[in-house]
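Structure file data_14.txt with compact mmCIF, C-alpha atoms:
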# COMPACT_ATOMS: atom_id res chain seq x y z
CA MET A 1 0.00 0.00 0.00
CA ALA A 2 2.86 2.36 0.86
CA ILE A 3 4.63 1.57 -2.40
CA LEU A 4 1.43 2.21 -4.34
CA SER A 5 1.11 5.53 -2.54
CA ILE A 6 4.66 6.48 -3.58
CA LEU A 7 3.80 5.56 -7.16
CA LEU A 8 0.73 7.79 -6.95
CA SER A 9 2.88 10.70 -5.79
CA VAL A 10 5.09 10.23 -8.86
CA LEU A 11 2.00 10.00 -11.07
CA ALA A 12 0.65 13.20 -9.51
CA ALA A 13 3.92 14.99 -10.22
CA VAL A 14 3.86 13.80 -13.84
CA CYS A 15 0.22 14.87 -14.23
CA THR A 16 1.08 18.28 -12.76
CA LEU A 17 3.83 18.70 -15.32
CA ILE A 18 1.58 17.62 -18.20
CA GLY A 19 -1.19 19.91 -16.93
CA PHE A 20 1.32 22.76 -16.77
CA LEU A 21 2.36 22.17 -20.37
CA THR A 22 -1.04 21.39 -21.89
CA THR A 23 -2.99 24.36 -20.54
CA PRO A 24 -3.79 25.71 -24.01
CA ILE A 25 -5.29 22.38 -25.15
CA PRO A 26 -9.00 22.31 -24.32
CA VAL A 27 -10.14 19.63 -21.87
CA VAL A 28 -6.73 17.88 -21.74
CA GLY A 29 -5.12 20.62 -19.66
CA ALA A 30 -8.00 20.70 -17.17
CA VAL A 31 -8.10 16.91 -16.84
CA PHE A 32 -4.39 16.70 -16.04
CA SER A 33 -4.32 19.81 -13.83
CA PHE A 34 -7.27 18.80 -11.66
CA GLY A 35 -6.48 15.10 -11.96
CA ALA A 36 -3.00 15.62 -10.48
CA ALA A 37 -4.47 17.06 -7.28
CA GLY A 38 -6.95 14.18 -7.10
CA VAL A 39 -4.22 11.58 -7.59
CA ALA A 40 -2.09 13.22 -4.88
CA LEU A 41 -5.06 13.18 -2.48
CA GLY A 42 -5.58 9.50 -3.27
CA GLY A 43 -1.91 8.93 -2.52
CA ILE A 44 -2.22 10.70 0.84
CA MET A 45 -5.23 8.53 1.70
CA LEU A 46 -3.35 5.34 0.83
CA GLY A 47 -0.26 6.54 2.70
CA GLY A 48 -2.31 7.35 5.80
CA LYS A 49 -3.96 3.97 5.61
CA ALA A 50 -0.55 2.33 5.28
CA VAL A 51 0.70 4.20 8.38
CA SER A 52 -2.38 3.07 10.27
CA LYS A 53 -1.96 -0.55 9.16
CA ALA A 54 1.76 -0.60 10.02
CA LYS A 55 1.03 0.77 13.49
CA ARG A 56 -1.64 -1.87 14.06
CA GLU A 57 0.73 -4.64 12.99
CA GLY A 58 3.58 -3.19 15.02
CA SER A 59 5.88 -2.98 12.00
CA SER A 60 7.94 -0.05 10.78
CA HIS A 61 5.90 2.67 9.12
CA ASP A 62 8.79 4.72 7.73
CA VAL A 63 7.99 3.92 4.09
CA ALA A 64 4.34 4.84 4.61
CA ARG A 65 5.32 8.14 6.23
CA ILE A 66 7.65 8.89 3.33
CA ALA A 67 4.76 8.14 0.98
CA VAL A 68 2.53 10.62 2.83
CA VAL A 69 5.21 13.32 2.71
CA LEU A 70 5.85 12.72 -1.01
CA ASN A 71 2.16 12.97 -1.79
CA VAL A 72 1.80 16.18 0.23
CA LEU A 73 4.78 17.55 -1.70
CA ALA A 74 3.10 16.52 -4.95
CA PHE A 75 -0.26 17.97 -3.87
CA VAL A 76 0.92 21.55 -3.34
CA PRO A 77 2.21 22.22 -6.89
CA ALA A 78 -0.73 20.21 -8.25
CA LEU A 79 -3.11 22.55 -6.44
CA LEU A 80 -1.28 25.62 -7.73
CA VAL A 81 -1.38 24.32 -11.29
CA ALA A 82 -5.05 23.36 -10.90
CA PHE A 83 -5.92 26.85 -9.69
CA THR A 84 -4.05 28.57 -12.49
CA CYS A 85 -3.63 26.36 -15.56
CA GLY A 86 -6.57 24.03 -14.83
CA ALA A 87 -9.03 26.81 -14.21
CA CYS A 88 -7.75 28.67 -17.25
CA ASN A 89 -8.19 25.53 -19.34
CA ALA A 90 -11.71 24.91 -18.05
CA PHE A 91 -12.43 28.45 -19.11
CA VAL A 92 -11.09 27.77 -22.59
CA SER A 93 -12.70 24.33 -22.88
CA THR A 94 -16.21 25.69 -22.62
CA GLY A 95 -15.73 27.44 -25.95
CA ASN A 96 -16.83 30.73 -24.45
CA PHE A 97 -13.54 32.48 -23.95
CA GLN A 98 -14.25 36.00 -22.85
CA LEU A 99 -11.75 38.12 -21.02
CA GLN A 100 -13.48 38.64 -17.73
CA ARG A 101 -12.02 40.64 -14.92
CA ASP A 102 -11.75 37.82 -12.43
CA PHE A 103 -9.75 35.63 -14.74
CA GLN A 104 -7.17 38.25 -15.51
CA ILE A 105 -5.39 37.08 -12.37
CA ASN A 106 -4.81 33.74 -14.02
CA VAL A 107 -3.53 35.09 -17.29
CA GLY A 108 0.19 35.54 -17.42
CA PRO A 109 2.78 36.86 -19.79
CA GLY A 110 2.36 35.52 -23.28
CA MET A 111 -1.28 34.63 -22.77
CA PRO A 112 -4.30 36.57 -24.00
CA GLY A 113 -5.05 39.70 -22.11
CA ASP A 114 -1.64 39.87 -20.49
CA ALA A 115 -1.23 43.19 -18.80
CA GLY A 116 2.12 42.45 -17.25
CA GLY A 117 2.86 42.38 -13.56
CA ASN A 118 -0.15 42.89 -11.39
CA ALA A 119 -1.85 45.49 -13.49
CA LEU A 120 -5.28 44.23 -14.47
CA PRO A 121 -6.88 45.74 -17.56
CA PRO A 122 -10.57 46.55 -17.77
CA PRO A 123 -12.75 43.73 -19.09
CA ALA A 124 -13.81 45.23 -22.38
CA ARG A 125 -10.80 46.77 -24.03
CA ALA A 126 -11.24 49.40 -26.68
CA ARG A 127 -9.66 48.20 -29.90
CA ASP A 128 -6.66 50.16 -30.99
CA PRO A 129 -5.09 50.64 -34.43
CA GLU A 130 -2.56 47.84 -33.79
CA ASP A 131 -5.37 45.32 -34.05
CA ARG A 132 -5.65 45.71 -37.80
CA PRO A 133 -4.98 42.59 -39.88
CA GLY A 134 -1.32 41.89 -40.44
CA ALA A 135 -0.14 44.24 -37.73
CA PRO A 136 2.56 42.75 -35.54
CA ALA A 137 1.37 41.74 -32.09
CA GLY A 138 2.99 43.71 -29.34
CA PRO A 139 4.23 42.18 -26.13
CA GLY A 140 1.38 40.63 -24.23
CA LYS A 141 -0.96 41.21 -27.14
CA PRO A 142 -1.00 38.05 -29.25
CA GLY A 143 -1.81 38.18 -32.91
CA PRO A 144 -5.24 37.15 -34.13
CA ASN A 145 -4.21 33.69 -35.29
CA GLN A 146 -1.12 33.05 -33.22
CA PRO A 147 -0.81 29.32 -32.57
CA GLY A 148 -0.82 27.98 -29.06
CA GLN A 149 -3.00 30.73 -27.68
CA PRO A 150 -6.20 29.53 -26.08
CA GLY A 151 -9.36 30.78 -27.62
CA GLN A 152 -7.67 32.48 -30.54
CA GLN A 153 -8.82 30.45 -33.50
CA ASP A 154 -12.00 28.93 -32.12
CA GLN A 155 -13.37 32.03 -30.46
CA PRO A 156 -14.08 34.79 -32.96
CA ASP A 157 -15.76 36.99 -30.36
CA GLN A 158 -12.68 37.49 -28.28
CA PRO A 159 -11.98 41.17 -27.60
CA GLY A 160 -9.09 42.52 -29.58
CA GLY A 161 -9.68 40.31 -32.64
CA ASP A 162 -9.04 41.53 -36.17
CA LYS A 163 -11.46 43.87 -37.91
CA ALA A 164 -12.28 41.29 -40.61
CA ASN A 165 -14.00 39.28 -37.90
CA PRO A 166 -15.56 41.87 -35.62
CA PRO A 167 -16.55 40.68 -32.18
CA SER A 168 -20.16 39.57 -31.96
CA PRO A 169 -22.33 41.52 -29.53
CA ARG A 170 -22.57 39.92 -26.14
CA LEU A 171 -24.08 40.66 -22.78
CA PRO A 172 -22.21 43.09 -20.56
CA PRO A 173 -20.19 41.58 -17.72
CA PRO A 174 -21.85 41.14 -14.32
CA PRO A 175 -21.66 44.13 -11.97
CA LEU A 176 -18.99 42.47 -9.87
CA PRO A 177 -16.85 39.50 -10.83
CA ALA A 178 -17.16 36.09 -9.27
CA GLY A 179 -13.79 35.54 -7.68
CA PRO A 180 -12.08 32.33 -6.77
CA GLY A 181 -13.49 32.28 -3.27
CA ASN A 182 -16.87 32.87 -1.68
CA MET B 1 -4.51 43.98 -4.59
CA TYR B 2 -1.68 41.61 -5.52
CA PRO B 3 -3.20 38.82 -7.60
CA LEU B 4 -0.12 37.61 -9.40
CA LEU B 5 2.59 36.38 -7.04
CA THR B 6 5.09 35.12 -9.56
CA THR B 7 5.38 33.25 -12.81
CA LEU B 8 6.57 29.71 -13.28
CA GLU B 9 8.78 29.05 -16.26
CA TRP B 10 9.89 25.69 -17.57
CA ARG B 11 11.48 25.19 -20.97
CA GLY B 12 10.01 28.37 -22.34
CA VAL B 13 6.51 27.66 -21.02
CA VAL B 14 5.42 30.44 -18.68
CA ARG B 15 2.47 30.15 -16.31
CA PRO B 16 1.32 32.61 -13.65
CA ILE B 17 1.13 31.65 -10.01
CA GLY B 18 -1.63 33.58 -8.31
CA SER B 19 -1.48 34.74 -4.69
CA TYR B 20 -4.84 33.12 -4.07
CA GLY B 21 -3.63 29.65 -5.02
CA VAL B 22 -0.51 29.95 -2.89
CA LEU B 23 -2.45 31.18 0.14
CA LEU B 24 -4.99 28.39 -0.37
CA ALA B 25 -2.22 25.78 -0.42
CA LEU B 26 -0.72 27.37 2.71
CA ALA B 27 -4.14 27.34 4.38
CA LEU B 28 -4.57 23.65 3.65
CA LEU B 29 -1.10 22.80 4.96
CA VAL B 30 -1.52 24.84 8.15
CA GLY B 31 -5.04 23.54 8.65
CA ALA B 32 -3.96 19.93 8.17
CA TRP B 33 -1.03 20.36 10.55
CA VAL B 34 -3.10 21.98 13.31
CA GLY B 35 -5.90 19.47 12.75
CA LEU B 36 -3.52 16.53 13.04
CA ARG B 37 -2.02 17.91 16.25
CA SER B 38 -5.40 18.41 17.86
CA SER B 39 -6.59 14.98 16.73
CA GLN B 40 -3.49 13.43 18.32
CA ARG B 41 -4.34 15.26 21.54
CA ALA B 42 -7.84 13.83 21.28
CA GLY B 43 -6.34 10.33 21.05
CA LEU B 44 -7.26 9.69 17.41
CA GLU B 45 -4.93 7.48 15.39
CA SER B 46 -2.79 9.71 13.16
CA GLY B 47 -2.53 7.44 10.09
CA ALA B 48 -6.29 7.07 9.79
CA MET B 49 -6.66 10.78 10.47
CA ILE B 50 -4.31 11.64 7.58
CA ALA B 51 -6.33 9.43 5.27
CA ALA B 52 -9.63 10.91 6.46
CA LEU B 53 -8.30 14.45 6.06
CA ALA B 54 -7.29 13.76 2.46
CA GLY B 55 -10.77 12.47 1.77
CA ALA B 56 -12.27 15.53 3.41
CA VAL B 57 -10.13 17.89 1.33
CA GLY B 58 -11.17 16.10 -1.86
CA SER B 59 -14.86 16.12 -1.04
CA GLY B 60 -14.59 19.69 0.23
CA PHE B 61 -13.19 20.90 -3.08
CA ALA B 62 -15.80 18.95 -5.00
CA GLY B 63 -18.55 20.61 -2.96
CA ALA B 64 -16.96 24.04 -3.21
CA PHE B 65 -16.75 23.81 -7.01
CA GLY B 66 -20.16 22.20 -7.24
CA LEU B 67 -21.96 24.89 -5.27
CA SER B 68 -20.17 27.63 -7.18
CA ILE B 69 -21.28 26.13 -10.49
CA ALA B 70 -24.82 25.58 -9.18
CA VAL B 71 -25.11 29.22 -8.05
CA ALA B 72 -23.71 30.51 -11.35
CA TRP B 73 -26.03 28.18 -13.26
CA LEU B 74 -29.07 29.47 -11.38
CA ARG B 75 -27.96 33.05 -11.87
CA SER B 76 -27.14 32.85 -15.57
CA GLY B 77 -29.51 30.06 -16.61
CA SER B 78 -26.75 28.48 -18.66
CA LEU B 79 -24.59 25.57 -17.57
CA GLN B 80 -21.97 26.50 -20.14
CA ALA B 81 -21.69 30.01 -18.73
CA ALA B 82 -21.44 28.54 -15.23
CA LEU B 83 -18.65 26.18 -16.26
CA ALA B 84 -16.87 29.04 -18.01
CA ASN B 85 -16.55 30.92 -14.76
CA PRO B 86 -15.44 28.37 -12.18
CA GLY B 87 -14.90 29.39 -8.61
CA ILE B 88 -15.08 27.88 -5.17
CA VAL B 89 -17.66 28.57 -2.50
CA PHE B 90 -16.72 28.12 1.15
CA TYR B 91 -20.12 26.90 2.28
CA GLY B 92 -20.06 24.16 -0.36
CA GLY B 93 -16.65 23.10 0.91
CA LEU B 94 -17.73 23.23 4.55
CA ILE B 95 -20.84 21.10 4.04
CA SER B 96 -19.35 18.48 1.72
CA GLY B 97 -16.03 18.49 3.58
CA THR B 98 -17.82 17.82 6.87
CA LEU B 99 -19.82 14.99 5.33
CA GLY B 100 -16.69 13.64 3.62
CA LEU B 101 -14.66 13.76 6.83
CA ALA B 102 -17.37 11.98 8.78
CA ALA B 103 -17.72 9.30 6.08
CA CYS B 104 -13.95 8.81 5.72
CA ALA B 105 -13.51 8.73 9.50
CA ARG B 106 -16.07 5.97 9.72
CA GLY B 107 -14.43 4.16 6.81
CA PHE B 108 -10.99 4.34 8.41
CA GLY B 109 -12.18 3.25 11.82
CA LEU B 110 -12.33 6.64 13.59
CA PRO B 111 -15.33 7.88 15.57
CA PRO B 112 -16.96 10.47 13.24
CA LEU B 113 -18.14 13.08 15.75
CA PRO B 114 -14.91 13.32 17.81
CA THR B 115 -13.04 13.47 14.49
CA LEU B 116 -15.14 16.46 13.44
CA ASP B 117 -14.57 18.07 16.84
CA SER B 118 -10.82 17.65 16.47
CA MET B 119 -10.81 19.81 13.35
CA LEU B 120 -11.15 22.90 15.51
CA PRO B 121 -9.42 25.35 15.62
CA ALA B 122 -7.83 24.20 12.34
CA VAL B 123 -10.82 25.06 10.13
CA PRO B 124 -11.23 28.75 11.08
CA LEU B 125 -7.47 29.24 11.05
CA ALA B 126 -7.14 27.81 7.53
CA HIS B 127 -10.19 29.78 6.42
CA ALA B 128 -8.65 33.01 7.72
CA ILE B 129 -5.49 32.37 5.68
CA GLY B 130 -7.65 31.67 2.65
CA ARG B 131 -9.43 35.00 3.13
CA ILE B 132 -6.10 36.81 3.03
CA GLY B 133 -5.66 35.07 -0.32
CA CYS B 134 -9.06 36.46 -1.36
CA LEU B 135 -7.94 39.97 -0.50
CA LEU B 136 -4.68 39.57 -2.41
CA GLY B 137 -6.51 38.00 -5.33
CA GLY B 138 -8.90 40.93 -5.48
CA CYS B 139 -12.06 38.86 -5.25
CA CYS B 140 -14.82 39.05 -2.61
CA TYR B 141 -15.38 42.75 -3.11
CA GLY B 142 -16.86 44.72 -0.26
CA ALA B 143 -19.62 47.28 -0.45
CA HIS B 144 -18.75 50.86 -1.29
CA THR B 145 -17.57 52.90 1.70
CA GLU B 146 -15.77 56.13 2.49
CA LEU B 147 -14.16 54.78 5.65
CA PRO B 148 -10.42 55.51 6.04
CA TRP B 149 -9.48 51.83 5.72
CA ALA B 150 -11.37 51.36 2.45
CA VAL B 151 -9.43 49.66 -0.32
CA HIS B 152 -9.29 50.10 -4.07
CA LEU B 153 -9.08 46.82 -5.96
CA ALA B 154 -7.09 46.75 -9.16
CA ALA B 155 -9.63 44.49 -10.87
CA ASP B 156 -12.58 46.67 -9.95
CA PRO B 157 -13.62 48.67 -13.02
CA SER B 158 -15.75 51.06 -10.98
CA GLY B 159 -12.70 52.27 -9.06
CA LEU B 160 -14.82 52.70 -5.93
CA ALA B 161 -13.40 52.57 -2.43
CA ARG B 162 -14.67 49.36 -0.84
CA HIS B 163 -14.80 47.58 2.48
CA PRO B 164 -11.86 45.17 2.82
CA TRP B 165 -14.43 42.45 3.39
CA PRO B 166 -12.03 39.46 3.40
CA LEU B 167 -10.06 41.14 6.18
CA TYR B 168 -13.20 41.56 8.28
CA GLU B 169 -14.00 37.90 7.94
CA ALA B 170 -10.39 36.84 8.51
CA ALA B 171 -10.37 38.84 11.78
CA CYS B 172 -13.59 37.14 12.91
CA LEU B 173 -12.17 33.74 11.98
CA VAL B 174 -9.01 34.35 13.97
CA LEU B 175 -11.20 35.22 16.96
CA LEU B 176 -13.19 32.03 16.40
CA SER B 177 -10.03 29.93 16.23
CA ALA B 178 -8.84 31.55 19.48
CA LEU B 179 -12.21 30.73 21.03
CA PHE B 180 -11.88 27.08 20.01
CA TRP B 181 -8.19 26.79 20.84
CA SER B 182 -8.82 25.10 24.17
CA PRO B 183 -10.01 21.53 23.48
CA ARG B 184 -12.22 21.64 26.56
CA ARG B 185 -14.36 24.53 25.41
CA PHE B 186 -17.77 23.61 23.92
CA SER B 187 -17.02 19.93 24.54
CA GLY B 188 -20.13 18.56 26.21
CA VAL B 189 -21.04 15.64 23.98
CA PRO B 190 -19.26 14.41 20.82
CA GLY B 191 -20.06 16.71 17.93
CA GLN B 192 -21.04 19.67 20.11
CA ARG B 193 -17.79 21.48 19.42
CA ALA B 194 -18.16 21.20 15.65
CA ALA B 195 -21.83 22.17 15.82
CA SER B 196 -21.01 25.22 17.97
CA TYR B 197 -18.44 26.35 15.45
CA VAL B 198 -20.85 26.00 12.52
CA LEU B 199 -23.44 27.96 14.49
CA LEU B 200 -21.03 30.77 15.36
CA TYR B 201 -19.63 30.95 11.85
CA ALA B 202 -23.11 31.09 10.35
CA LEU B 203 -23.92 34.01 12.67
CA VAL B 204 -20.72 35.83 11.72
CA ARG B 205 -21.28 35.24 8.02
CA PHE B 206 -24.89 36.32 8.19
CA ALA B 207 -23.89 39.55 9.92
CA LEU B 208 -20.97 40.32 7.61
CA GLU B 209 -22.69 39.56 4.33
CA PRO B 210 -24.38 42.99 3.92
CA LEU B 211 -20.93 44.59 3.95
CA ARG B 212 -20.03 42.42 1.00
CA ALA B 213 -22.90 43.48 -1.25
CA ASP B 214 -21.97 40.72 -3.62
CA ALA B 215 -24.81 40.56 -6.11
CA VAL B 216 -22.84 38.42 -8.52
CA ARG B 217 -23.04 35.38 -6.22
CA GLY B 218 -26.78 35.47 -6.18
CA MET B 219 -29.33 37.65 -4.40
CA HIS B 220 -32.78 36.27 -3.68
CA PHE B 221 -36.21 37.51 -2.60
CA ASP B 222 -35.99 40.85 -4.40
CA GLY B 223 -32.32 41.27 -3.62
CA VAL B 224 -32.78 41.10 0.13
CA TRP B 225 -30.92 37.88 0.93
CA SER B 226 -27.66 36.65 -0.51
CA THR B 227 -27.03 32.96 -1.20
CA SER B 228 -24.62 32.78 1.73
CA GLN B 229 -27.16 34.40 4.05
CA LEU B 230 -29.77 31.81 3.08
CA ILE B 231 -27.30 28.99 3.71
CA SER B 232 -26.37 30.62 7.03
CA LEU B 233 -30.04 30.76 8.00
CA ALA B 234 -30.54 27.10 7.09
CA LEU B 235 -27.48 26.10 9.11
CA LEU B 236 -28.57 28.22 12.06
CA CYS B 237 -31.94 26.46 12.12
CA LEU B 238 -30.57 22.95 11.57
CA VAL B 239 -27.51 23.08 13.81
CA GLY B 240 -29.14 25.31 16.41
CA GLY B 241 -32.04 22.88 16.61
CA ALA B 242 -29.68 19.94 16.95
CA LEU B 243 -27.77 21.69 19.75
CA ILE B 244 -30.99 22.45 21.63
CA VAL B 245 -32.04 18.81 21.33
CA GLN B 246 -28.59 17.68 22.53
CA GLN B 247 -28.51 20.09 25.47
CA PRO B 248 -30.06 17.73 28.05
CA ARG B 249 -27.58 15.02 27.07
CA ALA B 250 -24.68 17.44 27.41
CA LYS B 251 -25.84 18.42 30.90
CA LEU B 252 -26.09 14.77 31.89
CA SER B 253 -22.62 13.98 30.60
CA ASN B 254 -21.13 16.98 32.42
CA ARG B 255 -22.45 15.77 35.78
As structure tokens - that is how I would like this structure written.
Amino acid sequence: MAILSILLSVLAAVCTLIGFLTTPIPVVGAVFSFGAAGVALGGIMLGGKAVSKAKREGSSHDVARIAVVLNVLAFVPALLVAFTCGACNAFVSTGNFQLQRDFQINVGPGMPGDAGGNALPPPARARDPEDRPGAPAGPGKPGPNQPGQPGQQDQPDQPGGDKANPPSPRLPPPPLPAGPGN
Amino acid sequence: MYPLLTTLEWRGVVRPIGSYGVLLALALLVGAWVGLRSSQRAGLESGAMIAALAGAVGSGFAGAFGLSIAVAWLRSGSLQAALANPGIVFYGGLISGTLGLAACARGFGLPPLPTLDSMLPAVPLAHAIGRIGCLLGGCCYGAHTELPWAVHLAADPSGLARHPWPLYEAACLVLLSALFWSPRRFSGVPGQRAASYVLLYALVRFALEPLRADAVRGMHFDGVWSTSQLISLALLCLVGGALIVQQPRAKLSNR
């Protein structure tokens, strides 16, 4: 049981890494990002059970304790990736990628809507002349069809798109954003 | 306030690390540590407790996400829109985490009610740390105010000065964790400690909610009651009723 728990911690670490790398791929990124945290929690449960069993049998529970520690170590980055990349991917996977205020916190350099640092831009950006077709994308402002950017090709109503495909009208954002916690 | 803590870079792939996620991880670690210590003091077997805690965290997150999606679904009328805006709701986590901990405790051979009792003061302490994460993340806006300690949130397009609502709740939660620090307090019958905490937290949340003015998480009955206030009311009735019923037993056991 303890060995299985250690294997789960390794699996969680691998899933975290894959989730980190596959954020722009719809569904896949979310599955790996959230799955890694779930696998690590499963590993902690097995490790705890192994500690309990070893204590009952009066044998050494060092391996089981190591398994618990490894899974806790795997859980923390898994949680961070789930709350950044996984949430971002879930956002993209729904096919309704709109730059909303609350998700700006999860958008980093090189990703759509990047404002750099901690500066958060308003939700509905006015389009500027640089958004014309063929214009080079500035830093933090990806081009209209730049590969690897979530929501770019599949979501024509993303703010800041080219003028050949004007954004479709959509409802205004809610009065206050739903944040990560309640 | 300070939503982006740092960025993680690996082989040219850059991902942001938000303050909220880091504070949430810290809250879970601190909460688990304090919870394990108090469960050891209560004589609960630590291996089974670790396993039960992991189950509780998993079910707590599932409930927190689930309630958030349910509220957003009700508000927008579209499941797709609800899934596009995922969040976590503390009350969902509290209810499903409590049920998950009780079920896992039973499954791993621990007494459910003393196990729930042993999670105090860990729960309010972890929750307080999480609220600091809320403040840094810029979510959980407060109502508009002109008080000197009002804050301006970077993500707030209105630019209004607002109550630092997460700080208010964090302060109350620290007080609650101090109140529950002594394992003897509120410990009449098994489960009384956990029930007392839920009751006190529901009161605090009910009282603080108007300062939040958070219409986006659902307002009901012509905008009078927020979702969290309705859940608080339900918990006050349920848990308060259970405590009143248990009172004679607690008096008998104290004699």
Length of the CA of Phe180 (chain B) to CA of Gly87 (chain B) vector [Å]: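 Taking CA of Phe180 (chain B) as the start and CA of Gly87 (chain B) as the end point, the length is 28.9 Å.
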Test item: residues at most 8 Å from Pro166 (chain B), all atoms listed in the file, excluding those fewer than 5 positions along its chain, as a PyMOL selection string: chain B and resi 131-132+134-135+140
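Look at everything within 8 Å of (3.7, 0.8, 1.0) using all atoms listed in the file, and the residues you get are Met1, Ala2, Ile3, Leu4, Ser5, Ile6, Gly47, Ala50, Val63, Ala64 and Ala67 of chain A.
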Selected residue of minimal separation from chain B among A:Ser33, A:Thr23, A:Ser59, A:Ser9, counting all atoms listed in the file: A:Thr23
Distance-based interface of chain B with chain A, 6 Å, counting all atoms listed in the file, as a PyMOL selection string: chain B and resi 3-4+15-16+21+47-48+50-51+54+84+87-90+139+155+216
Point-to-point distance in Å for CA of Tyr168 (chain B) and CA of Val151 (chain B):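 Result for CA of Val151 (chain B) versus CA of Tyr168 (chain B): 12.4 Å, one decimal.
Atom pair CA of Asn85 (chain B) / CA of Ala234 (chain B) has a distance of 26.2 Å (rounded to one decimal).
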Using all atoms listed in the file: which of B:Ser39, B:Thr98, B:Ser177, B:Ser158 has the shortest distance to Leu110 (chain B): B:Ser39
Distance query region 22-37 of chain B at most 6 Å, all atoms listed in the file, self and fewer than 2 positions along chain excluded, as a PyMOL selection string: chain B and resi 19-20+39-40+119+122+126+129-130+133
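Polymer residues near (-5.7, 17.6, -24.6): counting only C-alpha atoms with a cut-off of 10 Å, they are Ile18, Gly19, Thr22, Thr23, Pro24, Ile25, Pro26, Val27, Val28, Gly29, Ala30, Val31, Phe32, Asn89 and Ser93 of chain A.
Here the question is which of B:Ala103, B:Leu199, B:Leu83, B:Leu5 gets nearest to Phe65 (chain B) using only C-alpha atoms, and that residue is B:Leu83.
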From B:Pro210, B:Pro114, B:Gly100, B:Gly109, residue lying nearest Ala143 (chain B) [only C-alpha atoms]: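 Nearest to Ala143 (chain B): B:Pro210.
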Distance query Leu211 (chain B) at most 10 Å, only C-alpha atoms, self and fewer than 4 positions along chain excluded, as a list in words: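 Listing them by chain and then by number gives Tyr141, Gly142, Ala143, His144, Thr145, Arg162, His163, Pro164, Trp165, Tyr168 and Ala207 of chain B.
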Export C-alpha atoms of the chosen residues as an mmCIF file, in the frame of the given file?
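Generated output (result-v8.cif):
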data_model
loop_
_atom_site.group_PDB
_atom_site.id
_atom_site.type_symbol
_atom_site.label_atom_id
_atom_site.label_comp_id
_atom_site.auth_asym_id
_atom_site.auth_seq_id
_atom_site.Cartn_x
_atom_site.Cartn_y
_atom_site.Cartn_z
ATOM 1 C CA TYR B 141 -15.380 42.750 -3.110
ATOM 2 C CA GLY B 142 -16.860 44.720 -0.260
ATOM 3 C CA ALA B 143 -19.620 47.280 -0.450
ATOM 4 C CA HIS B 144 -18.750 50.860 -1.290
ATOM 5 C CA THR B 145 -17.570 52.900 1.700
ATOM 6 C CA ARG B 162 -14.670 49.360 -0.840
ATOM 7 C CA HIS B 163 -14.800 47.580 2.480
ATOM 8 C CA PRO B 164 -11.860 45.170 2.820
ATOM 9 C CA TRP B 165 -14.430 42.450 3.390
ATOM 10 C CA TYR B 168 -13.200 41.560 8.280
ATOM 11 C CA ALA B 207 -23.890 39.550 9.920
#
